[in-house]
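What follows is one structure encoded as structure tokens, with my remarks underneath.
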Amino acid sequence: MTIGVVWLLKIPGLMLIGGLALVWIAYKLLSDEGDGEGHGSGASTLWGAMKTIIIADAVMGVDNVLAVAGAAHGSFLLVVLGLLISIPIVVWGSSLVLKLMSRFPVIIYLGAGVLAFTAVKMIVHEPMIKAFFEANPAVNWGLYVLIVGGVLGAGYLVQKRRVQQPASSH
């Protein structure tokens with residue numbers, strides 16, 4: 001799948017689409033945390049549960065592949081190294097990572113920030129619009145600030161609102 005995504009990202013426009021998808025994934029990382037929405041709804045049968053698991057697995061695989069492929073900028077060596085580092089961490093270290101994230105929520109913000117930064121990098125390096133960003137460095141850096149700051153700020157506001165809601169409903 002990774003080699004396919006790296007190859008597909010060479011198609012004009014797909015770096016932009018992949019970057020926008022990563023922006024959404026980075027935001028959802030912060031906004032969905034802990035609310036349970038979409039995690040197990042409607043899986044009342046064995047086939048429903050299997051469908052939910054397959055779709056969730058595919059989506060999680062695609063976001064990992066997009067992040068690694070986007071950060072690697074088409075370098076297969078970097079893609080392989082990224083996957084060799086990230087997959088064992090996810091598979092074998094997931095319980096440790098979850099414990100660390102629950103103890104130090106800033107880790108989630110760091111991850112979302114890295115994803116958002118990678119997303120902007122993909123967007124500004126899209127061949128169809130790269131020349132514009134190279135000719136306008138202020139717009140280039142402004143987009144980094146806007147997207148990374150926007151993802152982190154919006155995620156923070158969602159989390160803050162979530163913490164305040166249970167207190168106001170008592």
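Lettering and numbering for the structure tokens are positional, with chains as A, B, ... in the shown order, residues counted from 1 in each chain, and ligands counted from 1 in the shown order.
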
Mind checking which residues fall within 12 Å of Leu110 of chain A, counting only C-alpha atoms, ignoring those fewer than 2 positions away in the same chain, and posting them as a PyMOL selection string?
chain A and resi 26-27+29-30+101+104-108+112-117+148-149+151-152+155

Only C-alpha atoms, please: the residues just picked out, written as a CSV table (one decimal), in the first residue's frame.
```csv
chain,number,residue,atom,x,y,z
A,26,ALA,CA,-4.6,15.8,12.5
A,27,TYR,CA,-7.7,17.7,13.5
A,29,LEU,CA,-6.8,13.2,16.3
A,30,LEU,CA,-7.5,16.0,18.7
A,101,MET,CA,-0.8,9.8,26.1
A,104,PHE,CA,0.9,13.4,29.2
A,105,PRO,CA,-1.9,14.7,26.8
A,106,VAL,CA,0.7,17.0,25.2
A,107,ILE,CA,1.9,14.0,23.2
A,108,ILE,CA,-1.4,14.0,21.3
A,112,ALA,CA,-1.3,16.4,15.6
A,113,GLY,CA,1.2,19.2,15.1
A,114,VAL,CA,3.6,17.0,13.2
A,115,LEU,CA,0.8,15.7,11.0
A,116,ALA,CA,-0.4,19.2,10.3
A,117,PHE,CA,3.2,20.3,9.5
A,148,VAL,CA,-0.7,24.1,12.2
A,149,GLY,CA,-2.0,26.8,14.6
A,151,VAL,CA,-5.5,22.5,13.9
A,152,LEU,CA,-3.9,22.8,17.4
A,155,GLY,CA,-8.4,20.8,18.8
```

Between A:Phe76, A:Trp24, A:Phe132, A:Trp92, which residue has the minimum interatomic distance to Gly150 of chain A, considering only C-alpha atoms?
A:Trp24

Between atom CA of Val145 of chain A and atom CA of Ala71 of chain A lies a distance of 18.0 Å

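Pairwise distance (atom CA of Lys160 of chain A, atom CA of Ile147 of chain A) equals 19.4 Å.
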